[in-house]
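S.K.: What follows is final.cif, mmCIF, C-alpha atoms.
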```
data_start
#
loop_
_atom_site.label_atom_id
_atom_site.label_comp_id
_atom_site.auth_asym_id
_atom_site.auth_seq_id
_atom_site.Cartn_x
_atom_site.Cartn_y
_atom_site.Cartn_z
CA MET A 1 36.08 -17.47 -26.25
CA ALA A 2 35.79 -15.84 -22.79
CA VAL A 3 33.08 -16.30 -20.17
CA THR A 4 32.84 -14.32 -16.93
CA VAL A 5 31.71 -16.40 -13.96
CA LYS A 6 30.34 -14.82 -10.78
CA PHE A 7 29.38 -16.16 -7.36
CA PHE A 8 27.40 -14.27 -4.73
CA ALA A 9 26.62 -14.24 -1.03
CA SER A 10 26.94 -17.47 0.99
CA LEU A 11 27.87 -19.45 -2.12
CA SER A 12 30.72 -17.10 -2.90
CA GLU A 13 31.84 -17.34 0.71
CA ARG A 14 31.70 -21.14 0.78
CA LEU A 15 33.59 -21.52 -2.51
CA GLY A 16 36.05 -18.80 -1.61
CA ARG A 17 35.68 -17.06 -4.95
CA SER A 18 33.52 -14.28 -6.39
CA GLU A 19 34.52 -13.71 -10.01
CA GLU A 20 36.77 -15.21 -12.64
CA VAL A 21 37.07 -15.41 -16.39
CA ILE A 22 37.34 -18.77 -18.13
CA LYS A 23 38.43 -19.34 -21.74
CA PRO A 24 36.66 -22.42 -23.05
CA LYS A 25 37.41 -23.79 -26.56
CA GLY A 26 33.81 -23.54 -27.78
CA PRO A 27 30.12 -23.12 -26.76
CA LEU A 28 29.15 -24.91 -23.57
CA THR A 29 26.31 -25.22 -21.07
CA VAL A 30 25.93 -23.51 -17.71
CA ARG A 31 26.57 -26.89 -16.07
CA GLU A 32 29.87 -27.14 -17.95
CA VAL A 33 30.81 -23.61 -16.91
CA TRP A 34 30.27 -24.60 -13.28
CA ALA A 35 32.32 -27.79 -13.74
CA ALA A 36 35.16 -25.79 -15.28
CA VAL A 37 35.38 -23.62 -12.17
CA VAL A 38 34.22 -25.84 -9.31
CA ALA A 39 35.86 -29.16 -9.97
CA ASP A 40 34.68 -31.23 -7.05
CA GLU A 41 30.85 -30.90 -6.90
CA PRO A 42 27.92 -30.59 -9.32
CA VAL A 43 25.67 -27.50 -9.37
CA PRO A 44 23.82 -27.64 -6.02
CA GLU A 45 20.05 -28.13 -6.19
CA ASN A 46 19.10 -24.80 -4.66
CA VAL A 47 21.62 -22.64 -6.50
CA LEU A 48 20.11 -20.05 -8.81
CA ILE A 49 21.67 -19.26 -12.17
CA ALA A 50 21.67 -16.17 -14.35
CA VAL A 51 23.14 -15.82 -17.82
CA ASN A 52 23.67 -12.20 -18.81
CA MET A 53 21.57 -11.18 -15.79
CA GLU A 54 18.53 -13.26 -16.81
CA TYR A 55 17.54 -16.38 -14.89
CA ALA A 56 18.62 -19.56 -16.73
CA ARG A 57 18.68 -23.35 -16.27
CA PRO A 58 21.78 -25.55 -15.92
CA ASP A 59 21.44 -26.79 -19.50
CA ALA A 60 21.28 -23.28 -21.02
CA GLU A 61 23.90 -22.56 -23.73
CA VAL A 62 26.67 -20.10 -22.96
CA SER A 63 28.42 -18.12 -25.70
CA ASP A 64 31.51 -15.96 -26.05
CA GLY A 65 31.32 -12.85 -23.89
CA ASP A 66 28.51 -14.13 -21.68
CA GLU A 67 28.36 -13.54 -17.95
CA VAL A 68 27.24 -16.52 -15.89
CA ALA A 69 26.27 -16.05 -12.24
CA PHE A 70 25.57 -18.59 -9.49
CA PHE A 71 23.92 -17.59 -6.23
CA PRO A 72 21.85 -18.86 -3.28
CA PRO A 73 18.09 -18.16 -2.85
CA VAL A 74 17.51 -14.42 -2.73
CA THR A 75 16.42 -12.64 0.46
CA GLY A 76 15.85 -9.01 -0.43
CA GLY A 77 13.00 -6.68 0.38
CA MET B 1 -38.68 12.74 25.24
CA ALA B 2 -36.60 14.39 22.49
CA VAL B 3 -35.03 12.81 19.41
CA THR B 4 -32.71 14.60 17.00
CA VAL B 5 -33.27 13.65 13.36
CA LYS B 6 -30.64 14.31 10.68
CA PHE B 7 -30.59 13.98 6.90
CA PHE B 8 -27.49 14.12 4.72
CA ALA B 9 -26.36 14.67 1.14
CA SER B 10 -28.83 14.06 -1.72
CA LEU B 11 -31.52 12.87 0.70
CA SER B 12 -31.28 16.09 2.69
CA GLU B 13 -31.45 18.04 -0.54
CA ARG B 14 -34.47 16.17 -1.87
CA LEU B 15 -36.42 16.46 1.40
CA GLY B 16 -35.37 20.08 1.90
CA ARG B 17 -34.31 19.49 5.51
CA SER B 18 -31.16 18.58 7.36
CA GLU B 19 -31.87 18.50 11.08
CA GLU B 20 -34.80 18.77 13.44
CA VAL B 21 -35.83 17.72 16.91
CA ILE B 22 -39.04 15.80 17.50
CA LYS B 23 -40.75 15.26 20.84
CA PRO B 24 -42.52 11.90 20.75
CA LYS B 25 -44.69 10.75 23.70
CA GLY B 26 -42.73 7.49 24.29
CA PRO B 27 -40.21 5.04 22.81
CA LEU B 28 -40.57 4.42 19.09
CA THR B 29 -38.82 2.75 16.13
CA VAL B 30 -36.60 4.35 13.49
CA ARG B 31 -39.42 3.82 10.99
CA GLU B 32 -41.78 5.78 13.25
CA VAL B 33 -39.20 8.56 13.59
CA TRP B 34 -39.07 8.84 9.80
CA ALA B 35 -42.87 8.84 9.58
CA ALA B 36 -43.06 11.62 12.16
CA VAL B 37 -40.83 13.83 10.02
CA VAL B 38 -41.52 12.77 6.43
CA ALA B 39 -45.28 12.35 6.27
CA ASP B 40 -45.78 11.34 2.66
CA GLU B 41 -43.41 8.39 1.97
CA PRO B 42 -42.00 5.35 3.78
CA VAL B 43 -38.23 4.96 4.41
CA PRO B 44 -36.76 4.46 0.91
CA GLU B 45 -35.13 1.05 0.25
CA ASN B 46 -31.60 2.37 -0.28
CA VAL B 47 -31.53 4.84 2.59
CA LEU B 48 -29.01 4.08 5.33
CA ILE B 49 -29.82 4.63 8.98
CA ALA B 50 -27.67 5.41 12.00
CA VAL B 51 -28.80 5.66 15.61
CA ASN B 52 -26.28 7.48 17.79
CA MET B 53 -23.77 7.22 14.94
CA GLU B 54 -24.00 3.41 14.65
CA TYR B 55 -25.68 1.75 11.69
CA ALA B 56 -29.19 0.54 12.55
CA ARG B 57 -32.26 -1.05 10.92
CA PRO B 58 -35.70 0.55 10.43
CA ASP B 59 -37.18 -1.48 13.30
CA ALA B 60 -34.50 -0.42 15.82
CA GLU B 61 -35.82 1.16 19.02
CA VAL B 62 -35.18 4.86 19.62
CA SER B 63 -34.99 6.36 23.13
CA ASP B 64 -34.98 9.79 24.70
CA GLY B 65 -31.91 11.81 23.66
CA ASP B 66 -31.03 9.61 20.69
CA GLU B 67 -29.80 10.97 17.39
CA VAL B 68 -31.27 9.30 14.30
CA ALA B 69 -29.68 9.91 10.90
CA PHE B 70 -30.89 9.03 7.40
CA PHE B 71 -28.58 9.20 4.40
CA PRO B 72 -27.97 7.86 0.89
CA PRO B 73 -25.27 5.26 0.04
CA VAL B 74 -21.85 6.60 1.03
CA THR B 75 -19.24 7.58 -1.56
CA GLY B 76 -16.10 8.56 0.32
CA GLY B 77 -12.49 7.56 -0.21
CA MET C 1 -0.17 1.16 19.56
CA THR C 2 -1.61 4.34 18.05
CA VAL C 3 -4.79 4.92 16.09
CA ARG C 4 -4.89 8.23 14.26
CA VAL C 5 -8.10 9.35 12.57
CA GLU C 6 -8.44 12.84 11.20
CA ILE C 7 -10.97 14.73 9.09
CA ARG C 8 -9.42 17.65 7.25
CA GLY C 9 -11.16 20.68 5.82
CA SER C 10 -8.20 21.83 3.73
CA GLU C 11 -5.49 20.34 1.56
CA PHE C 12 -2.93 18.05 3.21
CA ASP C 13 0.35 16.54 2.07
CA PRO C 14 0.11 12.79 2.71
CA TRP C 15 3.90 12.28 2.63
CA VAL C 16 4.54 14.97 5.21
CA GLU C 17 1.75 13.58 7.41
CA LEU C 18 3.12 10.04 7.12
CA SER C 19 6.64 11.15 7.87
CA ARG C 20 5.69 13.21 10.92
CA TYR C 21 3.29 10.64 12.32
CA GLN C 22 5.77 7.81 11.89
CA GLU C 23 8.33 9.71 13.93
CA THR C 24 5.93 9.79 16.88
CA LEU C 25 5.30 6.03 16.88
CA GLY C 26 6.48 4.09 19.92
CA ASN C 27 7.16 0.97 17.88
CA GLN C 28 10.55 1.87 16.40
CA GLY C 29 12.39 -1.31 15.43
CA LYS C 30 9.16 -3.36 15.67
CA TYR C 31 7.54 -2.69 12.32
CA GLY C 32 8.96 -4.31 9.23
CA ALA C 33 6.10 -3.45 6.90
CA THR C 34 4.18 -0.27 6.18
CA ALA C 35 1.37 -0.28 3.62
CA VAL C 36 -0.11 2.98 2.41
CA PHE C 37 -2.99 3.95 0.15
CA ILE C 38 -3.56 7.47 -1.14
CA GLY C 39 -6.76 8.35 -2.99
CA THR C 40 -6.38 11.40 -5.21
CA MET C 41 -8.91 13.58 -7.04
CA ARG C 42 -8.97 12.70 -10.75
CA ASP C 43 -10.02 14.97 -13.59
CA PHE C 44 -12.35 12.32 -15.04
CA ASN C 45 -15.02 10.09 -13.50
CA GLU C 46 -17.46 7.76 -15.22
CA GLY C 47 -16.52 9.16 -18.61
CA VAL C 48 -17.11 12.81 -17.71
CA ARG C 49 -14.61 15.59 -17.03
CA VAL C 50 -14.84 16.77 -13.44
CA LYS C 51 -13.82 20.29 -12.38
CA SER C 52 -13.95 19.86 -8.65
CA LEU C 53 -15.50 17.82 -5.89
CA VAL C 54 -17.28 18.74 -2.69
CA LEU C 55 -17.20 16.16 0.07
CA GLU C 56 -19.90 16.24 2.69
CA HIS C 57 -19.76 14.06 5.79
CA TYR C 58 -21.54 13.24 9.03
CA PRO C 59 -19.37 14.95 11.67
CA GLY C 60 -18.84 12.70 14.65
CA MET C 61 -19.96 9.50 12.96
CA THR C 62 -17.11 9.59 10.43
CA GLU C 63 -14.51 9.80 13.20
CA LYS C 64 -16.32 7.16 15.27
CA HIS C 65 -16.63 4.78 12.35
CA LEU C 66 -13.04 5.21 11.17
CA THR C 67 -11.73 4.71 14.69
CA GLU C 68 -13.80 1.53 15.09
CA ILE C 69 -12.60 -0.04 11.84
CA SER C 70 -8.99 0.94 12.61
CA GLN C 71 -9.32 -0.85 15.96
CA GLN C 72 -10.89 -3.85 14.21
CA ALA C 73 -7.97 -4.02 11.78
CA ILE C 74 -5.47 -3.80 14.63
CA ASP C 75 -7.17 -6.69 16.45
CA ARG C 76 -7.62 -8.85 13.36
CA TRP C 77 -4.12 -8.43 11.88
CA GLY C 78 -2.11 -7.59 14.99
CA LEU C 79 -1.09 -4.21 13.58
CA LEU C 80 1.17 -1.85 15.50
CA ASP C 81 -0.23 1.51 14.33
CA THR C 82 -2.73 2.97 11.89
CA MET C 83 -3.45 6.32 10.26
CA VAL C 84 -6.49 7.54 8.36
CA ILE C 85 -6.78 11.11 7.09
CA HIS C 86 -9.81 12.08 5.00
CA ARG C 87 -10.59 15.38 3.32
CA VAL C 88 -13.97 17.10 3.37
CA GLY C 89 -15.12 20.29 1.69
CA GLU C 90 -14.05 21.46 -1.76
CA ILE C 91 -11.33 19.40 -3.37
CA ARG C 92 -9.55 20.29 -6.58
CA ILE C 93 -7.95 18.06 -9.19
CA ASN C 94 -4.84 16.25 -8.02
CA GLU C 95 -5.45 16.93 -4.34
CA PRO C 96 -5.36 13.95 -2.01
CA ILE C 97 -8.77 12.85 -0.72
CA VAL C 98 -7.75 10.08 1.64
CA ALA C 99 -4.57 8.58 3.10
CA VAL C 100 -4.67 5.21 4.86
CA ALA C 101 -1.55 3.66 6.38
CA VAL C 102 -0.82 0.68 8.60
CA TRP C 103 2.37 -0.41 10.37
CA SER C 104 2.91 -4.09 11.02
CA ALA C 105 5.66 -6.59 11.79
CA HIS C 106 5.08 -8.46 8.51
CA ARG C 107 3.96 -7.57 5.03
CA ALA C 108 0.95 -9.87 4.51
CA ALA C 109 -0.85 -8.28 7.47
CA ALA C 110 0.09 -4.80 6.27
CA PHE C 111 -1.24 -5.31 2.73
CA GLU C 112 -4.44 -7.04 3.80
CA ALA C 113 -5.27 -4.62 6.60
CA CYS C 114 -4.64 -1.56 4.42
CA ARG C 115 -6.94 -2.94 1.72
CA PHE C 116 -9.58 -3.81 4.32
CA LEU C 117 -9.53 -0.29 5.73
CA VAL C 118 -9.83 1.32 2.30
CA GLU C 119 -12.71 -0.94 1.23
CA ASP C 120 -14.58 -0.50 4.51
CA LEU C 121 -14.07 3.25 4.45
CA LYS C 122 -15.41 3.40 0.88
CA SER C 123 -18.49 1.31 1.63
CA HIS C 124 -19.37 2.37 5.19
CA ALA C 125 -17.85 5.68 6.29
CA PRO C 126 -20.47 8.46 5.99
CA PHE C 127 -18.96 10.65 3.27
CA TRP C 128 -20.73 11.83 0.13
CA LYS C 129 -19.20 13.27 -3.01
CA ARG C 130 -20.74 15.90 -5.22
CA GLU C 131 -19.00 16.52 -8.53
CA TYR C 132 -18.88 19.87 -10.29
CA LEU C 133 -18.89 19.25 -14.04
CA ALA C 134 -18.72 21.57 -17.05
CA GLU C 135 -22.52 21.23 -17.22
CA GLY C 136 -23.88 21.21 -13.71
CA ILE C 137 -23.45 19.37 -10.48
CA ARG C 138 -24.08 15.71 -9.67
CA TRP C 139 -24.04 13.55 -6.57
CA VAL C 140 -21.82 10.53 -6.97
CA GLU C 141 -24.30 7.68 -6.67
CA LYS C 142 -22.02 4.82 -5.83
CA THR C 143 -18.47 3.95 -5.01
CA THR C 144 -16.41 2.43 -7.83
CA PRO C 145 -15.82 -1.31 -7.39
CA GLY C 146 -12.69 -2.18 -5.42
CA MET D 1 4.61 6.76 -17.85
CA THR D 2 7.70 6.59 -15.67
CA VAL D 3 9.55 3.63 -14.22
CA ARG D 4 11.98 4.52 -11.46
CA VAL D 5 14.36 1.89 -10.11
CA GLU D 6 17.14 2.82 -7.77
CA ILE D 7 19.69 0.96 -5.65
CA ARG D 8 20.89 3.02 -2.71
CA GLY D 9 24.08 2.57 -0.73
CA SER D 10 23.04 4.86 2.12
CA GLU D 11 19.94 5.68 4.14
CA PHE D 12 16.98 7.22 2.32
CA ASP D 13 13.75 8.82 3.49
CA PRO D 14 10.93 7.05 1.63
CA TRP D 15 8.42 9.87 2.24
CA VAL D 16 10.74 12.51 0.81
CA GLU D 17 11.52 10.28 -2.17
CA LEU D 18 7.83 9.62 -2.81
CA SER D 19 6.94 13.27 -2.52
CA ARG D 20 9.70 14.46 -4.85
CA TYR D 21 9.15 11.72 -7.40
CA GLN D 22 5.40 12.27 -7.48
CA GLU D 23 5.92 15.94 -8.30
CA THR D 24 7.82 14.97 -11.44
CA LEU D 25 5.10 12.67 -12.78
CA GLY D 26 3.42 13.69 -16.01
CA ASN D 27 0.11 12.10 -15.03
CA GLN D 28 -1.26 14.81 -12.74
CA GLY D 29 -5.05 14.49 -12.53
CA LYS D 30 -4.93 10.97 -14.00
CA TYR D 31 -4.09 8.87 -10.96
CA GLY D 32 -6.76 8.27 -8.36
CA ALA D 33 -4.89 5.58 -6.44
CA THR D 34 -1.37 5.30 -5.08
CA ALA D 35 -0.31 2.16 -3.21
CA VAL D 36 2.95 2.11 -1.30
CA PHE D 37 4.91 -0.52 0.59
CA ILE D 38 7.87 0.26 2.84
CA GLY D 39 10.01 -2.53 4.25
CA THR D 40 11.90 -1.50 7.38
CA MET D 41 14.73 -3.12 9.32
CA ARG D 42 13.39 -4.78 12.48
CA ASP D 43 15.30 -5.48 15.67
CA PHE D 44 14.12 -9.10 15.71
CA ASN D 45 14.03 -11.86 13.09
CA GLU D 46 13.14 -15.53 13.51
CA GLY D 47 13.18 -15.20 17.28
CA VAL D 48 16.64 -13.63 17.51
CA ARG D 49 17.66 -10.06 18.25
CA VAL D 50 19.39 -8.51 15.24
CA LYS D 51 21.91 -5.68 15.60
CA SER D 52 22.32 -4.77 11.95
CA LEU D 53 21.99 -6.12 8.46
CA VAL D 54 24.30 -6.10 5.46
CA LEU D 55 22.63 -6.37 2.09
CA GLU D 56 24.65 -7.70 -0.82
CA HIS D 57 23.32 -7.60 -4.37
CA TYR D 58 24.20 -8.41 -7.96
CA PRO D 59 24.91 -4.98 -9.47
CA GLY D 60 23.34 -4.66 -12.88
CA MET D 61 21.00 -7.62 -12.53
CA THR D 62 19.08 -6.06 -9.63
CA GLU D 63 18.34 -2.93 -11.68
CA LYS D 64 17.53 -5.01 -14.78
CA HIS D 65 15.22 -7.34 -12.91
CA LEU D 66 13.41 -4.58 -11.03
CA THR D 67 12.92 -2.60 -14.24
CA GLU D 68 11.52 -5.67 -16.01
CA ILE D 69 9.00 -6.49 -13.28
CA SER D 70 7.97 -2.82 -13.03
CA GLN D 71 7.29 -2.86 -16.76
CA GLN D 72 5.37 -6.13 -16.42
CA ALA D 73 3.19 -4.62 -13.69
CA ILE D 74 2.53 -1.54 -15.83
CA ASP D 75 1.42 -3.70 -18.74
CA ARG D 76 -0.67 -6.09 -16.67
CA TRP D 77 -2.50 -3.52 -14.51
CA GLY D 78 -2.36 -0.47 -16.77
CA LEU D 79 -0.40 1.52 -14.19
CA LEU D 80 0.65 5.09 -14.79
CA ASP D 81 3.95 5.17 -12.88
CA THR D 82 6.08 3.03 -10.58
CA MET D 83 8.91 3.50 -8.11
CA VAL D 84 11.24 0.97 -6.49
CA ILE D 85 14.09 2.03 -4.22
CA HIS D 86 16.17 -0.67 -2.50
CA ARG D 87 18.98 -0.30 -0.01
CA VAL D 88 22.26 -2.22 -0.12
CA GLY D 89 25.20 -2.20 2.30
CA GLU D 90 24.94 -1.87 6.07
CA ILE D 91 21.47 -1.15 7.39
CA ARG D 92 20.65 -0.31 10.98
CA ILE D 93 17.48 -0.91 12.96
CA ASN D 94 14.52 1.16 11.86
CA GLU D 95 16.09 2.17 8.53
CA PRO D 96 14.00 1.60 5.42
CA ILE D 97 15.19 -1.30 3.25
CA VAL D 98 12.80 -1.01 0.34
CA ALA D 99 10.11 1.35 -0.93
CA VAL D 100 7.71 0.23 -3.67
CA ALA D 101 5.01 2.53 -5.03
CA VAL D 102 2.57 2.44 -7.92
CA TRP D 103 0.26 5.11 -9.34
CA SER D 104 -2.93 4.02 -11.05
CA ALA D 105 -6.36 5.32 -12.09
CA HIS D 106 -8.16 2.89 -9.77
CA ARG D 107 -7.44 1.26 -6.44
CA ALA D 108 -7.78 -2.45 -7.22
CA ALA D 109 -4.97 -2.20 -9.78
CA ALA D 110 -2.83 -0.18 -7.37
CA PHE D 111 -3.16 -2.66 -4.49
CA GLU D 112 -2.64 -5.74 -6.62
CA ALA D 113 0.30 -4.37 -8.58
CA CYS D 114 2.07 -3.11 -5.46
CA ARG D 115 1.71 -6.51 -3.82
CA PHE D 116 2.91 -8.26 -6.97
CA LEU D 117 6.02 -6.08 -7.14
CA VAL D 118 6.88 -6.67 -3.49
CA GLU D 119 6.40 -10.44 -3.74
CA ASP D 120 8.38 -10.70 -6.98
CA LEU D 121 11.16 -8.54 -5.62
CA LYS D 122 11.37 -10.71 -2.49
CA SER D 123 11.46 -13.98 -4.41
CA HIS D 124 13.47 -13.04 -7.53
CA ALA D 125 15.53 -9.87 -7.22
CA PRO D 126 19.18 -10.78 -6.49
CA PHE D 127 19.65 -9.38 -2.98
CA TRP D 128 21.04 -11.29 0.00
CA LYS D 129 20.80 -10.37 3.65
CA ARG D 130 23.40 -11.10 6.30
CA GLU D 131 22.36 -10.45 9.87
CA TYR D 132 24.72 -9.34 12.63
CA LEU D 133 23.55 -10.87 15.89
CA ALA D 134 24.80 -10.62 19.46
CA GLU D 135 26.57 -13.93 18.81
CA GLY D 136 27.94 -13.91 15.32
CA ILE D 137 26.76 -13.38 11.79
CA ARG D 138 24.27 -15.38 9.75
CA TRP D 139 23.05 -15.36 6.18
CA VAL D 140 19.28 -15.10 5.96
CA GLU D 141 18.35 -18.40 4.30
CA LYS D 142 14.91 -17.62 3.01
CA THR D 143 12.42 -14.84 2.61
CA THR D 144 9.54 -14.78 5.10
CA PRO D 145 6.26 -15.93 3.55
CA GLY D 146 4.20 -13.12 2.03
#
```
Represent the supplied structure as structure tokens.
M.R.:
Amino acid sequence: MAVTVKFFASLSERLGRSEEVIKPKGPLTVREVWAAVVADEPVPENVLIAVNMEYARPDAEVSDGDEVAFFPPVTGG
Amino acid sequence: MAVTVKFFASLSERLGRSEEVIKPKGPLTVREVWAAVVADEPVPENVLIAVNMEYARPDAEVSDGDEVAFFPPVTGG
Amino acid sequence: MTVRVEIRGSEFDPWVELSRYQETLGNQGKYGATAVFIGTMRDFNEGVRVKSLVLEHYPGMTEKHLTEISQQAIDRWGLLDTMVIHRVGEIRINEPIVAVAVWSAHRAAAFEACRFLVEDLKSHAPFWKREYLAEGIRWVEKTTPG
Amino acid sequence: MTVRVEIRGSEFDPWVELSRYQETLGNQGKYGATAVFIGTMRDFNEGVRVKSLVLEHYPGMTEKHLTEISQQAIDRWGLLDTMVIHRVGEIRINEPIVAVAVWSAHRAAAFEACRFLVEDLKSHAPFWKREYLAEGIRWVEKTTPG
């Protein structure tokens, strides 16, 4: 399976990456998606998560073809 | 002294008058201004009063040159 | 700081008024929040179809009152600028009746002050509506709840 | 009933957008209340002079989220129509950042729904601001309280 992972704004800048595709062996959680891409730290407390553009929690299930995004608190408007 | 008395909207329509000038002998209250113009009924409960374009009560004092207005509840906006 | 209060005897375009007025404001770069309310003539009121509306007012007192409450709102919420335009005379369906706008540094002040101005205007400014219905004419007796 | 959500990469005139959009609405004669909020780029934020702003967003999710909350507001307050336009990219002082508008039969619904949309947009829509100051660049860390 393939999962697209995205990072935005200051988080993207800090991690030095904005988008990549991972190919896990089977279904996994958002937390495991993060771990697959960012080896050396757990999901930070204040990081927001979206799966397929809907807000999700770190233990949400991720399936083939999903898009998982991590980003800092939003500051629009 | 001279006092201008005005009536607006449905009140003006019901009383059949919109503006007149009275010449009282000396200072008087809003209630007495009304009585001088509308002989046969006291100031109705829901009628609003303005003296010189500021809201006032029936016992407010009226002086020479003042403008006293009586009108029904407002319905603008 | 600018307070604009205007009574209009004929139709106005609130968006054009807002745009033009905003260009004259001296507070460019200072306001982060603008809140606007437009009241428009509906074809139905209290369950009855309305053909048109005639708005009577107390010339002089309306302007005085609207200017006073605009100044009150500026003092209370630290607004930068305000605008109130109100129609009088015959108003047809879909025409704007009133436009209220406030300019402020922050949004909470803008929202609250705009609402305050609209509610005060509706309950205290000396305007009276008469509705022309299919069967006759009626004075509007009270303002709808806010 | 119309929901308009738009992300704009260049400057827009909120009054022109409002005017044009309103003309297309199918609810002529039905709305008595329009509430509008415009957020504008200020020259100062958190005590520091700001030269310009760059707004990043999550393409796709911004539109999806704004459409969902517009629909929620319509259902909850019985609105007739809504409009949300939000800038992205480089924004200079005094340029509009966001315009939110709702059309409703009555004013309480219009005020409350407009406020709800602005607050939700500020706390949930995936936009991020970076400010260009006299001395360097900073990410805006949190939204100002509503």
S.K.: For the provided coordinates, the residues matched by the PyMOL selection byres ((chain D and resi 35-50) around 8) should be stated as a PDB file with C-alpha atoms, in the coordinates of the input.
M.R.:
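Output saved as expr_32.pdb:
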```
ATOM      1  CA  GLY A  77      13.000  -6.680   0.380  1.00  0.00           C
TER       2      GLY A  77
ATOM      3  CA  GLY C  29      12.390  -1.310  15.430  1.00  0.00           C
ATOM      4  CA  LYS C  30       9.160  -3.360  15.670  1.00  0.00           C
ATOM      5  CA  TYR C  31       7.540  -2.690  12.320  1.00  0.00           C
ATOM      6  CA  GLY C  32       8.960  -4.310   9.230  1.00  0.00           C
ATOM      7  CA  ALA C  33       6.100  -3.450   6.900  1.00  0.00           C
ATOM      8  CA  THR C  34       4.180  -0.270   6.180  1.00  0.00           C
ATOM      9  CA  ALA C  35       1.370  -0.280   3.620  1.00  0.00           C
ATOM     10  CA  VAL C  36      -0.110   2.980   2.410  1.00  0.00           C
ATOM     11  CA  PHE C  37      -2.990   3.950   0.150  1.00  0.00           C
ATOM     12  CA  ILE C  38      -3.560   7.470  -1.140  1.00  0.00           C
ATOM     13  CA  ALA C 105       5.660  -6.590  11.790  1.00  0.00           C
ATOM     14  CA  ARG C 107       3.960  -7.570   5.030  1.00  0.00           C
TER      15      ARG C 107
ATOM     16  CA  PRO D  14      10.930   7.050   1.630  1.00  0.00           C
ATOM     17  CA  ALA D  33      -4.890   5.580  -6.440  1.00  0.00           C
ATOM     18  CA  THR D  34      -1.370   5.300  -5.080  1.00  0.00           C
ATOM     19  CA  LYS D  51      21.910  -5.680  15.600  1.00  0.00           C
ATOM     20  CA  SER D  52      22.320  -4.770  11.950  1.00  0.00           C
ATOM     21  CA  LEU D  53      21.990  -6.120   8.460  1.00  0.00           C
ATOM     22  CA  ILE D  91      21.470  -1.150   7.390  1.00  0.00           C
ATOM     23  CA  ARG D  92      20.650  -0.310  10.980  1.00  0.00           C
ATOM     24  CA  ILE D  93      17.480  -0.910  12.960  1.00  0.00           C
ATOM     25  CA  ASN D  94      14.520   1.160  11.860  1.00  0.00           C
ATOM     26  CA  GLU D  95      16.090   2.170   8.530  1.00  0.00           C
ATOM     27  CA  PRO D  96      14.000   1.600   5.420  1.00  0.00           C
ATOM     28  CA  ILE D  97      15.190  -1.300   3.250  1.00  0.00           C
ATOM     29  CA  VAL D  98      12.800  -1.010   0.340  1.00  0.00           C
ATOM     30  CA  ALA D  99      10.110   1.350  -0.930  1.00  0.00           C
ATOM     31  CA  VAL D 100       7.710   0.230  -3.670  1.00  0.00           C
ATOM     32  CA  ALA D 101       5.010   2.530  -5.030  1.00  0.00           C
ATOM     33  CA  VAL D 102       2.570   2.440  -7.920  1.00  0.00           C
ATOM     34  CA  TRP D 103       0.260   5.110  -9.340  1.00  0.00           C
ATOM     35  CA  ARG D 107      -7.440   1.260  -6.440  1.00  0.00           C
ATOM     36  CA  ALA D 110      -2.830  -0.180  -7.370  1.00  0.00           C
ATOM     37  CA  PHE D 111      -3.160  -2.660  -4.490  1.00  0.00           C
ATOM     38  CA  CYS D 114       2.070  -3.110  -5.460  1.00  0.00           C
ATOM     39  CA  VAL D 118       6.880  -6.670  -3.490  1.00  0.00           C
ATOM     40  CA  GLU D 131      22.360 -10.450   9.870  1.00  0.00           C
ATOM     41  CA  TYR D 132      24.720  -9.340  12.630  1.00  0.00           C
ATOM     42  CA  LEU D 133      23.550 -10.870  15.890  1.00  0.00           C
ATOM     43  CA  ALA D 134      24.800 -10.620  19.460  1.00  0.00           C
TER      44      ALA D 134
END
```
S.K.: Would you mind listing, as a ChimeraX atom specification, all residues of chain B that have at least one atom within 12 Å of chain C, where only C-alpha atoms are what counts?
M.R.: /B:6-14,18-19,46,48-55,67-77
S.K.: Written as a compact mmCIF listing (two decimals) with C-alpha atoms, in the coordinates of the input, what is the full residue list that the PyMOL selection byres ((chain A and resi 43) around 12) yields on the file shown?
M.R.:
```txt
# COMPACT_ATOMS: atom_id res chain seq x y z
CA LEU A 11 27.87 -19.45 -2.12
CA THR A 29 26.31 -25.22 -21.07
CA VAL A 30 25.93 -23.51 -17.71
CA ARG A 31 26.57 -26.89 -16.07
CA GLU A 32 29.87 -27.14 -17.95
CA VAL A 33 30.81 -23.61 -16.91
CA TRP A 34 30.27 -24.60 -13.28
CA ALA A 35 32.32 -27.79 -13.74
CA ALA A 36 35.16 -25.79 -15.28
CA VAL A 37 35.38 -23.62 -12.17
CA VAL A 38 34.22 -25.84 -9.31
CA ALA A 39 35.86 -29.16 -9.97
CA ASP A 40 34.68 -31.23 -7.05
CA GLU A 41 30.85 -30.90 -6.90
CA PRO A 42 27.92 -30.59 -9.32
CA PRO A 44 23.82 -27.64 -6.02
CA GLU A 45 20.05 -28.13 -6.19
CA ASN A 46 19.10 -24.80 -4.66
CA VAL A 47 21.62 -22.64 -6.50
CA LEU A 48 20.11 -20.05 -8.81
CA ILE A 49 21.67 -19.26 -12.17
CA ARG A 57 18.68 -23.35 -16.27
CA PRO A 58 21.78 -25.55 -15.92
CA ASP A 59 21.44 -26.79 -19.50
CA ALA A 69 26.27 -16.05 -12.24
CA PHE A 70 25.57 -18.59 -9.49
CA PHE A 71 23.92 -17.59 -6.23
CA PRO A 72 21.85 -18.86 -3.28
```
S.K.: In Å to one decimal, how far is CA of Gln22 in chain C from CA of Asn27 in chain D?
M.R.: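 Rounded to one decimal, the two atoms are 27.8 Å apart.
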